[in-house]
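Asker: Please find work_30.txt (compact mmCIF, C-alpha atoms) on the next line:
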# COMPACT_ATOMS: atom_id res chain seq x y z
CA MET A 1 0.00 0.00 0.00
CA ASN A 2 1.33 3.47 -0.86
CA CYS A 3 0.30 6.89 0.49
CA SER A 4 -2.42 7.46 -2.14
CA ASP A 5 -3.93 4.05 -1.38
CA PHE A 6 -3.86 4.95 2.30
CA LEU A 7 -5.76 8.20 1.70
CA ARG A 8 -8.36 6.41 -0.40
CA GLU A 9 -9.01 3.91 2.40
CA LEU A 10 -8.74 6.37 5.29
CA THR A 11 -12.47 7.05 5.71
CA ASP A 12 -13.38 3.35 5.79
CA TYR A 13 -10.47 2.70 8.16
CA LEU A 14 -11.62 5.37 10.61
CA ASP A 15 -15.19 4.09 10.35
CA GLU A 16 -13.95 0.55 11.00
CA SER A 17 -15.58 -0.72 7.86
CA LEU A 18 -12.50 -2.04 6.05
CA ASP A 19 -12.11 -5.69 5.25
CA ALA A 20 -9.49 -7.46 7.39
CA ARG A 21 -6.91 -7.75 4.62
CA THR A 22 -6.96 -4.08 3.60
CA ARG A 23 -6.93 -3.08 7.23
CA THR A 24 -3.78 -5.12 7.86
CA GLU A 25 -2.09 -3.61 4.79
CA LEU A 26 -3.01 -0.12 5.92
CA GLU A 27 -1.71 -0.67 9.44
CA GLU A 28 1.55 -2.04 8.03
CA HIS A 29 1.87 1.13 5.96
CA LEU A 30 1.28 3.26 9.08
CA GLN A 31 4.14 1.52 10.84
CA TRP A 32 6.75 2.87 8.48
CA CYS A 33 5.13 6.01 6.99
CA HIS A 34 5.24 8.77 9.57
CA ASN A 35 3.32 11.28 7.44
CA CYS A 36 0.36 8.95 6.98
CA PHE A 37 0.51 8.03 10.66
CA VAL A 38 0.19 11.73 11.57
CA ILE A 39 -2.58 12.33 9.02
CA CYS A 40 -4.49 9.35 10.38
CA ASN A 41 -4.19 10.51 13.99
CA THR A 42 -5.01 14.15 13.35
CA THR A 43 -7.98 13.29 11.14
CA LYS A 44 -9.30 11.04 13.88
CA LYS A 45 -8.82 13.87 16.36
CA THR A 46 -10.63 16.26 14.00
CA ILE A 47 -13.70 14.03 14.04
CA GLU A 48 -13.58 13.57 17.83
CA ILE A 49 -13.19 17.25 18.55
CA TYR A 50 -16.23 18.16 16.43
CA ARG A 51 -18.26 15.30 17.82
CA ASP A 52 -17.52 16.42 21.39
CA SER A 53 -17.70 20.16 20.86
CA GLN A 54 -21.49 20.56 21.07
CA LEU A 55 -21.59 23.53 18.73
CA TYR A 56 -25.04 25.04 18.32
CA GLU A 57 -26.80 23.59 21.32
CA LEU A 58 -30.45 24.56 21.54
CA PRO A 59 -31.04 26.67 24.69
CA ASP A 60 -33.95 25.49 26.86
CA ASP A 61 -36.02 28.68 26.53
CA LEU A 62 -35.74 28.70 22.75
CA ARG A 63 -36.48 25.00 22.71
CA THR A 64 -39.71 25.51 24.64
CA ARG A 65 -40.72 28.44 22.43
CA LEU A 66 -40.10 26.46 19.24
CA ARG A 67 -41.97 23.41 20.50
CA THR A 68 -44.96 25.47 21.55
CA ALA A 69 -45.06 27.12 18.13
CA ILE A 70 -44.77 23.80 16.32
CA VAL A 71 -47.57 22.20 18.32
CA ALA A 72 -49.80 25.25 17.81
CA LYS A 73 -49.23 25.14 14.05
CA CYS A 74 -49.94 21.40 13.95
CA GLN A 75 -53.16 21.93 15.89
CA HIS A 76 -54.13 24.69 13.48
CA LYS A 77 -53.48 22.39 10.49
CA LYS A 78 -55.51 19.65 12.12
CA ALA A 79 -58.39 21.99 12.79
CA MET B 80 -59.43 12.02 26.44
CA GLY B 81 -57.89 9.21 24.46
CA ALA B 82 -54.89 11.36 23.59
CA ILE B 83 -54.31 12.23 27.26
CA GLN B 84 -54.37 8.59 28.24
CA LYS B 85 -51.86 7.82 25.53
CA LEU B 86 -49.57 10.59 26.74
CA ASN B 87 -49.60 9.22 30.26
CA GLU B 88 -48.39 5.86 29.10
CA PRO B 89 -44.66 5.80 28.51
CA VAL B 90 -44.43 5.12 24.82
CA PHE B 91 -40.83 4.45 23.98
CA ASP B 92 -41.25 2.71 20.72
CA GLU B 93 -40.76 5.27 17.99
CA LEU B 94 -42.94 3.53 15.47
CA LYS B 95 -45.79 3.56 17.95
CA LEU B 96 -45.36 7.31 18.33
CA VAL B 97 -45.28 7.79 14.57
CA ARG B 98 -48.42 5.71 14.09
CA ALA B 99 -50.21 7.53 16.89
CA ALA B 100 -49.22 10.86 15.33
CA LYS B 101 -50.46 9.64 11.95
CA ALA B 102 -53.77 8.87 13.60
CA GLY B 103 -53.98 12.48 14.76
CA ASP B 104 -52.42 12.30 18.23
CA ILE B 105 -50.58 15.63 18.51
CA GLY B 106 -49.17 14.63 21.92
CA ALA B 107 -47.37 11.74 20.22
CA PHE B 108 -45.99 14.09 17.59
CA GLU B 109 -44.83 16.46 20.32
CA GLN B 110 -42.82 13.60 21.81
CA LEU B 111 -41.14 13.13 18.44
CA VAL B 112 -40.36 16.85 18.34
CA HIS B 113 -38.89 16.61 21.84
CA ARG B 114 -36.78 13.69 20.74
CA TYR B 115 -35.23 15.33 17.70
CA ASP B 116 -35.53 19.13 17.91
CA ARG B 117 -31.94 19.58 19.13
CA ASN B 118 -30.55 17.48 16.29
CA VAL B 119 -32.61 19.31 13.68
CA PHE B 120 -31.52 22.67 15.12
CA ARG B 121 -27.82 21.72 14.98
CA ILE B 122 -28.08 20.45 11.42
CA ALA B 123 -30.02 23.56 10.34
CA GLN B 124 -27.56 25.94 11.94
CA HIS B 125 -24.59 24.13 10.44
CA ILE B 126 -26.09 24.39 6.97
CA THR B 127 -27.57 27.89 7.11
CA GLN B 128 -24.91 29.35 9.45
CA ASN B 129 -27.62 31.64 10.74
CA ARG B 130 -29.51 31.39 14.01
CA GLU B 131 -32.82 32.86 12.81
CA ASP B 132 -32.85 30.65 9.74
CA ALA B 133 -32.12 27.62 11.92
CA GLU B 134 -35.09 28.45 14.17
CA ASP B 135 -37.35 28.76 11.13
CA VAL B 136 -36.03 25.50 9.70
CA VAL B 137 -36.86 23.66 12.93
CA GLN B 138 -40.44 24.91 12.84
CA ASP B 139 -40.95 24.40 9.11
CA ALA B 140 -39.34 20.97 9.05
CA PHE B 141 -41.50 19.62 11.87
CA LEU B 142 -44.62 21.18 10.43
CA LYS B 143 -43.87 19.69 7.02
CA ALA B 144 -43.19 16.33 8.65
CA TYR B 145 -46.54 16.52 10.44
CA GLU B 146 -48.39 17.41 7.26
CA ASN B 147 -46.72 14.62 5.32
CA LEU B 148 -46.73 11.89 7.95
CA LYS B 149 -49.17 9.87 5.90
CA ASN B 150 -46.53 9.65 3.16
CA PHE B 151 -43.91 8.27 5.53
CA GLN B 152 -43.63 4.67 4.45
CA GLU B 153 -41.96 3.36 7.61
CA GLN B 154 -39.29 1.66 5.54
CA SER B 155 -36.62 3.94 6.91
CA LYS B 156 -36.19 5.46 10.36
CA PHE B 157 -38.42 8.42 11.12
CA TYR B 158 -35.32 10.41 12.02
CA THR B 159 -33.68 9.83 8.62
CA TRP B 160 -36.89 10.92 6.92
CA LEU B 161 -37.06 14.01 9.14
CA VAL B 162 -33.42 14.90 8.46
CA ARG B 163 -34.11 14.76 4.75
CA ILE B 164 -36.93 17.28 5.16
CA ALA B 165 -34.80 19.50 7.42
CA VAL B 166 -31.79 19.49 5.05
CA ASN B 167 -34.00 20.52 2.13
CA GLU B 168 -35.57 23.32 4.17
CA ALA B 169 -32.13 24.51 5.30
CA LEU B 170 -30.69 24.47 1.78
CA MET B 171 -33.69 26.41 0.52
CA ARG B 172 -33.06 29.12 3.10
CA LEU B 173 -29.36 29.18 2.31
CA ARG B 174 -30.14 29.68 -1.37
CA ARG B 175 -32.54 32.46 -0.52
CA ARG B 176 -29.92 34.18 1.57
CA ARG B 177 -27.15 33.73 -0.94
CA PRO B 178 -28.82 33.91 -4.34
CA GLU B 179 -25.55 35.01 -5.91
CA ARG B 180 -24.05 31.61 -5.20
CA MET B 181 -25.69 28.49 -6.49
CA VAL B 182 -26.02 26.24 -3.45
CA SER B 183 -26.62 22.60 -4.05
CA LEU B 184 -25.58 19.30 -2.64
CA ASP B 185 -24.49 18.49 -6.17
CA GLU B 186 -22.30 21.55 -6.46
CA GLU B 187 -19.21 21.11 -8.51
CA ILE B 188 -16.48 19.54 -6.45
CA ARG B 189 -13.00 20.63 -7.32
CA THR B 190 -10.24 18.16 -8.02
CA ASP B 191 -8.70 15.90 -5.42
CA GLU B 192 -5.93 18.41 -4.95
CA ASP B 193 -8.01 20.64 -2.68
CA SER B 194 -8.15 17.83 -0.14
CA MET B 195 -4.61 16.55 -0.44
CA PRO B 196 -2.74 17.02 2.83
CA ARG B 197 -0.24 19.81 2.43
CA GLU B 198 1.00 20.28 5.93
CA VAL B 199 1.83 17.24 7.98
CA ALA B 200 2.52 18.20 11.56
CA ASP B 201 1.59 16.29 14.64
CA TRP B 202 -0.80 17.97 17.04
CA SER B 203 -0.35 18.66 20.70
CA PRO B 204 -1.42 15.68 22.79
CA ASN B 205 -4.49 17.63 23.96
CA PRO B 206 -5.20 20.43 21.48
CA GLU B 207 -8.39 21.34 23.35
CA GLN B 208 -6.29 22.46 26.29
CA LEU B 209 -4.45 25.07 24.23
CA TYR B 210 -7.57 27.24 24.14
CA THR B 211 -10.41 28.27 26.38
CA GLN B 212 -13.79 26.70 25.73
CA SER B 213 -15.08 29.77 23.90
CA GLU B 214 -11.87 30.20 21.84
CA LEU B 215 -12.14 26.58 20.82
CA ARG B 216 -15.79 26.97 19.79
CA ASP B 217 -14.86 30.00 17.68
CA ILE B 218 -12.06 28.08 15.97
CA LEU B 219 -14.25 25.06 15.25
CA THR B 220 -17.17 27.18 14.03
CA LYS B 221 -15.02 29.34 11.76
CA THR B 222 -13.24 26.30 10.37
CA ILE B 223 -16.34 24.29 9.51
CA GLN B 224 -18.08 27.33 8.04
CA GLY B 225 -15.27 27.57 5.51
CA LEU B 226 -16.16 24.21 3.96
CA PRO B 227 -18.36 24.02 0.85
CA SER B 228 -21.94 23.30 1.97
CA SER B 229 -21.98 19.92 0.24
CA PHE B 230 -18.99 18.77 2.29
CA ARG B 231 -20.18 20.42 5.48
CA THR B 232 -23.58 18.76 5.34
CA VAL B 233 -22.17 15.28 4.87
CA PHE B 234 -19.64 15.80 7.67
CA VAL B 235 -22.30 17.08 10.08
CA LEU B 236 -24.74 14.24 9.42
CA ARG B 237 -22.10 11.53 9.49
CA ASP B 238 -19.57 12.67 12.09
CA VAL B 239 -21.47 15.08 14.33
CA GLU B 240 -24.96 13.56 14.29
CA GLY B 241 -23.76 9.99 13.91
CA LEU B 242 -25.94 8.87 10.99
CA SER B 243 -24.57 5.83 9.14
CA THR B 244 -23.20 6.20 5.62
CA GLU B 245 -26.39 4.57 4.29
CA GLU B 246 -28.66 6.87 6.30
CA THR B 247 -26.68 9.92 5.20
CA ALA B 248 -26.97 8.81 1.57
CA GLU B 249 -30.72 8.36 2.00
CA ALA B 250 -31.22 11.68 3.78
CA LEU B 251 -29.25 13.60 1.14
CA ASP B 252 -30.37 11.58 -1.87
CA LEU B 253 -26.75 10.80 -2.71
CA SER B 254 -25.06 7.55 -3.65
CA ILE B 255 -22.94 5.80 -1.02
CA PRO B 256 -19.69 6.42 -2.97
CA ALA B 257 -20.60 10.13 -3.18
CA VAL B 258 -21.13 10.29 0.59
CA LYS B 259 -17.81 8.55 1.23
CA SER B 260 -15.93 10.76 -1.17
CA ARG B 261 -17.34 13.99 0.31
CA LEU B 262 -16.80 12.76 3.83
CA LEU B 263 -13.14 12.03 3.16
CA ARG B 264 -12.60 15.44 1.61
CA ALA B 265 -14.48 17.19 4.41
CA ARG B 266 -12.44 15.41 7.06
CA LEU B 267 -9.14 16.12 5.31
CA GLN B 268 -9.95 19.77 4.68
CA LEU B 269 -11.00 20.32 8.28
CA ARG B 270 -7.85 18.60 9.48
CA GLU B 271 -5.71 20.79 7.26
CA ARG B 272 -7.41 23.98 8.47
CA LEU B 273 -7.22 23.00 12.14
CA ASN B 274 -3.51 22.32 11.78
CA LYS B 275 -2.51 25.91 12.25
CA TYR B 276 -4.25 26.03 15.63
CA PHE B 277 -3.44 22.62 16.99
CA LYS B 278 -0.03 21.67 15.69
CA LYS B 279 2.68 21.06 18.24
CA ARG B 280 4.41 24.26 19.14
CA LYS B 281 8.17 24.32 19.12
CA SER B 282 9.71 25.30 22.43
CA GLY B 283 9.84 29.07 22.57
CA ASP B 284 6.56 29.49 20.66
CA VAL B 285 4.10 31.60 22.56
CA LYS B 286 0.36 31.00 22.49
CA GLN B 287 -1.50 33.85 20.82
Hey, can you dump this file as structure tokens for me?
Answerer:
Amino acid sequence: MNCSDFLRELTDYLDESLDARTRTELEEHLQWCHNCFVICNTTKKTIEIYRDSQLYELPDDLRTRLRTAIVAKCQHKKA
Amino acid sequence: MGAIQKLNEPVFDELKLVRAAKAGDIGAFEQLVHRYDRNVFRIAQHITQNREDAEDVVQDAFLKAYENLKNFQEQSKFYTWLVRIAVNEALMRLRRRRPERMVSLDEEIRTDEDSMPREVADWSPNPEQLYTQSELRDILTKTIQGLPSSFRTVFVLRDVEGLSTEETAEALDLSIPAVKSRLLRARLQLRERLNKYFKKRKSGDVKQ
């Protein structure tokens, strides 16, 4: 496996959806290619940091206001 | 009276809620709203990048879902179906706000070169600790806003909201290879852009 092959398989590798053989080849590549090792780690970190960051949380007061409005509109449609 | 009795029973099964809502039980639909309003809001704000638009998208998406419940075939998850409605509403608002730029999930993707890693530097062991909570949020928000909307949407559904590749493809009406390709490019572009904030500092470097 070379660096281009690694990049092509990176998403499936991070999602743990690679077949066993390709996964082994990729991990062998990571053992000797420092650049790909760093790219793999920092891409993984990128995903984790966004997943954990809780950007755009819905505040409780806005949440209540939106839900009340939605239910009122649904009731209106029903009527 | 019937609706009140139903509300008092803990109904955890989503399909039961959907069927009750289809039969006209607004309380059941309200439970579905309660279950997914935060997700829909996050997705809407990520796509529109505007708080007011995101609020409108939440209302319009749920209302549209309610009106079209009878067309929900129950072959997919209710949430995937709802996300599809919400994404379309959000894209419509984005187009309205930015008529000068054609916004589409099918927008022309540039060559592979825009996603090829250019800078390879390891990050600090805990990059989150380099910044305060609010600095970090600013960095992450600014960085993801810089992605093309077609990449951003796939990244948000897949990596932030945790939909599977298949669900993301269904929600966005894209093929699975298209989802995978956009996801890879989104991840690599975000990584590249975050590099300048998170890369290991040499001794002597001073934090901004």
Asker: So what do you get for atom CA of B:Arg172 versus atom CA of B:Leu142, distance-wise?
Answerer: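 Distance between the two atoms: 15.8 Å.
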Asker: Name the residues in contact with A:Glu9 at a cut-off of 12 Å, using all atoms listed in the file, excluding same-chain residues fewer than 3 positions from it; report them as a list in words.
Answerer: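 Contacts, with the query itself left out: Met1, Asn2, Cys3, Ser4, Asp5, Phe6, Asp12, Tyr13, Leu14, Asp15, Glu16, Ser17, Leu18, Asp19, Thr22, Arg23, Thr24, Glu25, Leu26, Glu27, His29, Cys36 and Cys40 of chain A; Lys259, Ser260, Leu262 and Leu263 of chain B.
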Asker: Could you work out which residues of chain A fall inside 7 Å of chain B? Count all atoms listed in the file, and format the result as a list in words.
Answerer: Thr11, Asn35, Val38, Ile39, Thr42, Thr43, Thr46, Ile47, Tyr50, Arg51, Leu55, Tyr56, Glu57, Leu58, Leu66, Ile70, Val71 and Cys74 of chain A
Asker: Mind giving me the straight-line distance from atom CA of B:Thr232 to atom CA of B:Ala100 in Å, one decimal?
Answerer: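 Atom CA of B:Thr232 sits 28.6 Å away from atom CA of B:Ala100.
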Asker: Rank A:Leu62, A:Thr68, A:Lys78, A:Lys73 by their smallest atom-to-atom distance to B:Glu131, using all atoms listed in the file, and report the top residue only.
Answerer: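 Looking at the shortest contact to B:Glu131, the residue is A:Leu62.
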Asker: How many Å separate atom CA of B:Asn150 from atom CA of B:Phe230?
Answerer: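 Those two atoms sit 29.0 Å apart.
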Asker: With N, CA and C atoms as the target, complete stretch 20-50 of chain A and hand it back as a PDB file, keeping the file's coordinate frame.
Answerer:
ATOM      1  N   ALA A  20     -10.652  -7.146   6.532  1.00  0.00           N
ATOM      2  CA  ALA A  20      -9.490  -7.460   7.390  1.00  0.00           C
ATOM      3  C   ALA A  20      -8.172  -7.324   6.621  1.00  0.00           C
ATOM      4  N   ARG A  21      -8.169  -7.755   5.368  1.00  0.00           N
ATOM      5  CA  ARG A  21      -6.910  -7.750   4.620  1.00  0.00           C
ATOM      6  C   ARG A  21      -6.420  -6.328   4.358  1.00  0.00           C
ATOM      7  N   THR A  22      -7.335  -5.466   3.891  1.00  0.00           N
ATOM      8  CA  THR A  22      -6.960  -4.080   3.600  1.00  0.00           C
ATOM      9  C   THR A  22      -6.546  -3.364   4.883  1.00  0.00           C
ATOM     10  N   ARG A  23      -7.241  -3.693   5.947  1.00  0.00           N
ATOM     11  CA  ARG A  23      -6.930  -3.080   7.230  1.00  0.00           C
ATOM     12  C   ARG A  23      -5.494  -3.429   7.667  1.00  0.00           C
ATOM     13  N   THR A  24      -5.135  -4.695   7.507  1.00  0.00           N
ATOM     14  CA  THR A  24      -3.780  -5.120   7.860  1.00  0.00           C
ATOM     15  C   THR A  24      -2.746  -4.387   7.004  1.00  0.00           C
ATOM     16  N   GLU A  25      -3.030  -4.300   5.698  1.00  0.00           N
ATOM     17  CA  GLU A  25      -2.090  -3.610   4.790  1.00  0.00           C
ATOM     18  C   GLU A  25      -1.932  -2.153   5.195  1.00  0.00           C
ATOM     19  N   LEU A  26      -3.049  -1.539   5.537  1.00  0.00           N
ATOM     20  CA  LEU A  26      -3.010  -0.120   5.920  1.00  0.00           C
ATOM     21  C   LEU A  26      -2.210   0.063   7.216  1.00  0.00           C
ATOM     22  N   GLU A  27      -2.433  -0.810   8.162  1.00  0.00           N
ATOM     23  CA  GLU A  27      -1.710  -0.670   9.440  1.00  0.00           C
ATOM     24  C   GLU A  27      -0.228  -0.941   9.276  1.00  0.00           C
ATOM     25  N   GLU A  28       0.122  -1.824   8.327  1.00  0.00           N
ATOM     26  CA  GLU A  28       1.550  -2.040   8.030  1.00  0.00           C
ATOM     27  C   GLU A  28       2.156  -0.754   7.451  1.00  0.00           C
ATOM     28  N   HIS A  29       1.392  -0.124   6.557  1.00  0.00           N
ATOM     29  CA  HIS A  29       1.870   1.130   5.960  1.00  0.00           C
ATOM     30  C   HIS A  29       2.091   2.188   7.044  1.00  0.00           C
ATOM     31  N   LEU A  30       1.170   2.252   8.007  1.00  0.00           N
ATOM     32  CA  LEU A  30       1.280   3.260   9.080  1.00  0.00           C
ATOM     33  C   LEU A  30       2.510   3.038   9.957  1.00  0.00           C
ATOM     34  N   GLN A  31       2.982   1.797   9.986  1.00  0.00           N
ATOM     35  CA  GLN A  31       4.140   1.520  10.840  1.00  0.00           C
ATOM     36  C   GLN A  31       5.413   2.157  10.315  1.00  0.00           C
ATOM     37  N   TRP A  32       5.493   2.296   8.990  1.00  0.00           N
ATOM     38  CA  TRP A  32       6.750   2.870   8.480  1.00  0.00           C
ATOM     39  C   TRP A  32       6.573   4.262   7.867  1.00  0.00           C
ATOM     40  N   CYS A  33       5.318   4.692   7.606  1.00  0.00           N
ATOM     41  CA  CYS A  33       5.130   6.010   6.990  1.00  0.00           C
ATOM     42  C   CYS A  33       4.658   7.016   8.051  1.00  0.00           C
ATOM     43  N   HIS A  34       5.569   7.830   8.489  1.00  0.00           N
ATOM     44  CA  HIS A  34       5.240   8.770   9.570  1.00  0.00           C
ATOM     45  C   HIS A  34       4.181   9.780   9.147  1.00  0.00           C
ATOM     46  N   ASN A  35       4.297  10.274   7.911  1.00  0.00           N
ATOM     47  CA  ASN A  35       3.320  11.280   7.440  1.00  0.00           C
ATOM     48  C   ASN A  35       1.888  10.733   7.490  1.00  0.00           C
ATOM     49  N   CYS A  36       1.714   9.536   6.980  1.00  0.00           N
ATOM     50  CA  CYS A  36       0.360   8.950   6.980  1.00  0.00           C
ATOM     51  C   CYS A  36      -0.108   8.662   8.404  1.00  0.00           C
ATOM     52  N   PHE A  37       0.838   8.281   9.249  1.00  0.00           N
ATOM     53  CA  PHE A  37       0.510   8.030  10.660  1.00  0.00           C
ATOM     54  C   PHE A  37      -0.047   9.319  11.298  1.00  0.00           C
ATOM     55  N   VAL A  38       0.634  10.445  11.010  1.00  0.00           N
ATOM     56  CA  VAL A  38       0.190  11.730  11.570  1.00  0.00           C
ATOM     57  C   VAL A  38      -1.161  12.139  10.979  1.00  0.00           C
ATOM     58  N   ILE A  39      -1.308  11.961   9.667  1.00  0.00           N
ATOM     59  CA  ILE A  39      -2.580  12.330   9.020  1.00  0.00           C
ATOM     60  C   ILE A  39      -3.727  11.502   9.617  1.00  0.00           C
ATOM     61  N   CYS A  40      -3.468  10.230   9.810  1.00  0.00           N
ATOM     62  CA  CYS A  40      -4.490   9.350  10.380  1.00  0.00           C
ATOM     63  C   CYS A  40      -4.893   9.831  11.778  1.00  0.00           C
ATOM     64  N   ASN A  41      -3.896  10.089  12.606  1.00  0.00           N
ATOM     65  CA  ASN A  41      -4.190  10.510  13.990  1.00  0.00           C
ATOM     66  C   ASN A  41      -4.898  11.858  14.054  1.00  0.00           C
ATOM     67  N   THR A  42      -4.428  12.804  13.265  1.00  0.00           N
ATOM     68  CA  THR A  42      -5.010  14.150  13.350  1.00  0.00           C
ATOM     69  C   THR A  42      -6.397  14.192  12.702  1.00  0.00           C
ATOM     70  N   THR A  43      -6.629  13.351  11.717  1.00  0.00           N
ATOM     71  CA  THR A  43      -7.980  13.290  11.140  1.00  0.00           C
ATOM     72  C   THR A  43      -8.953  12.686  12.148  1.00  0.00           C
ATOM     73  N   LYS A  44      -8.477  11.657  12.833  1.00  0.00           N
ATOM     74  CA  LYS A  44      -9.300  11.040  13.880  1.00  0.00           C
ATOM     75  C   LYS A  44      -9.631  12.067  14.965  1.00  0.00           C
ATOM     76  N   LYS A  45      -8.633  12.847  15.323  1.00  0.00           N
ATOM     77  CA  LYS A  45      -8.820  13.870  16.360  1.00  0.00           C
ATOM     78  C   LYS A  45      -9.805  14.946  15.869  1.00  0.00           C
ATOM     79  N   THR A  46      -9.714  15.270  14.585  1.00  0.00           N
ATOM     80  CA  THR A  46     -10.630  16.260  14.000  1.00  0.00           C
ATOM     81  C   THR A  46     -12.083  15.824  14.199  1.00  0.00           C
ATOM     82  N   ILE A  47     -12.338  14.553  13.903  1.00  0.00           N
ATOM     83  CA  ILE A  47     -13.700  14.030  14.040  1.00  0.00           C
ATOM     84  C   ILE A  47     -14.130  14.077  15.513  1.00  0.00           C
ATOM     85  N   GLU A  48     -13.236  13.624  16.386  1.00  0.00           N
ATOM     86  CA  GLU A  48     -13.580  13.570  17.830  1.00  0.00           C
ATOM     87  C   GLU A  48     -13.866  14.955  18.380  1.00  0.00           C
ATOM     88  N   ILE A  49     -13.058  15.912  17.966  1.00  0.00           N
ATOM     89  CA  ILE A  49     -13.190  17.250  18.550  1.00  0.00           C
ATOM     90  C   ILE A  49     -14.516  17.889  18.109  1.00  0.00           C
ATOM     91  N   TYR A  50     -14.925  17.627  16.880  1.00  0.00           N
ATOM     92  CA  TYR A  50     -16.230  18.160  16.430  1.00  0.00           C
ATOM     93  C   TYR A  50     -17.376  17.392  17.095  1.00  0.00           C
TER      94      TYR A  50
END
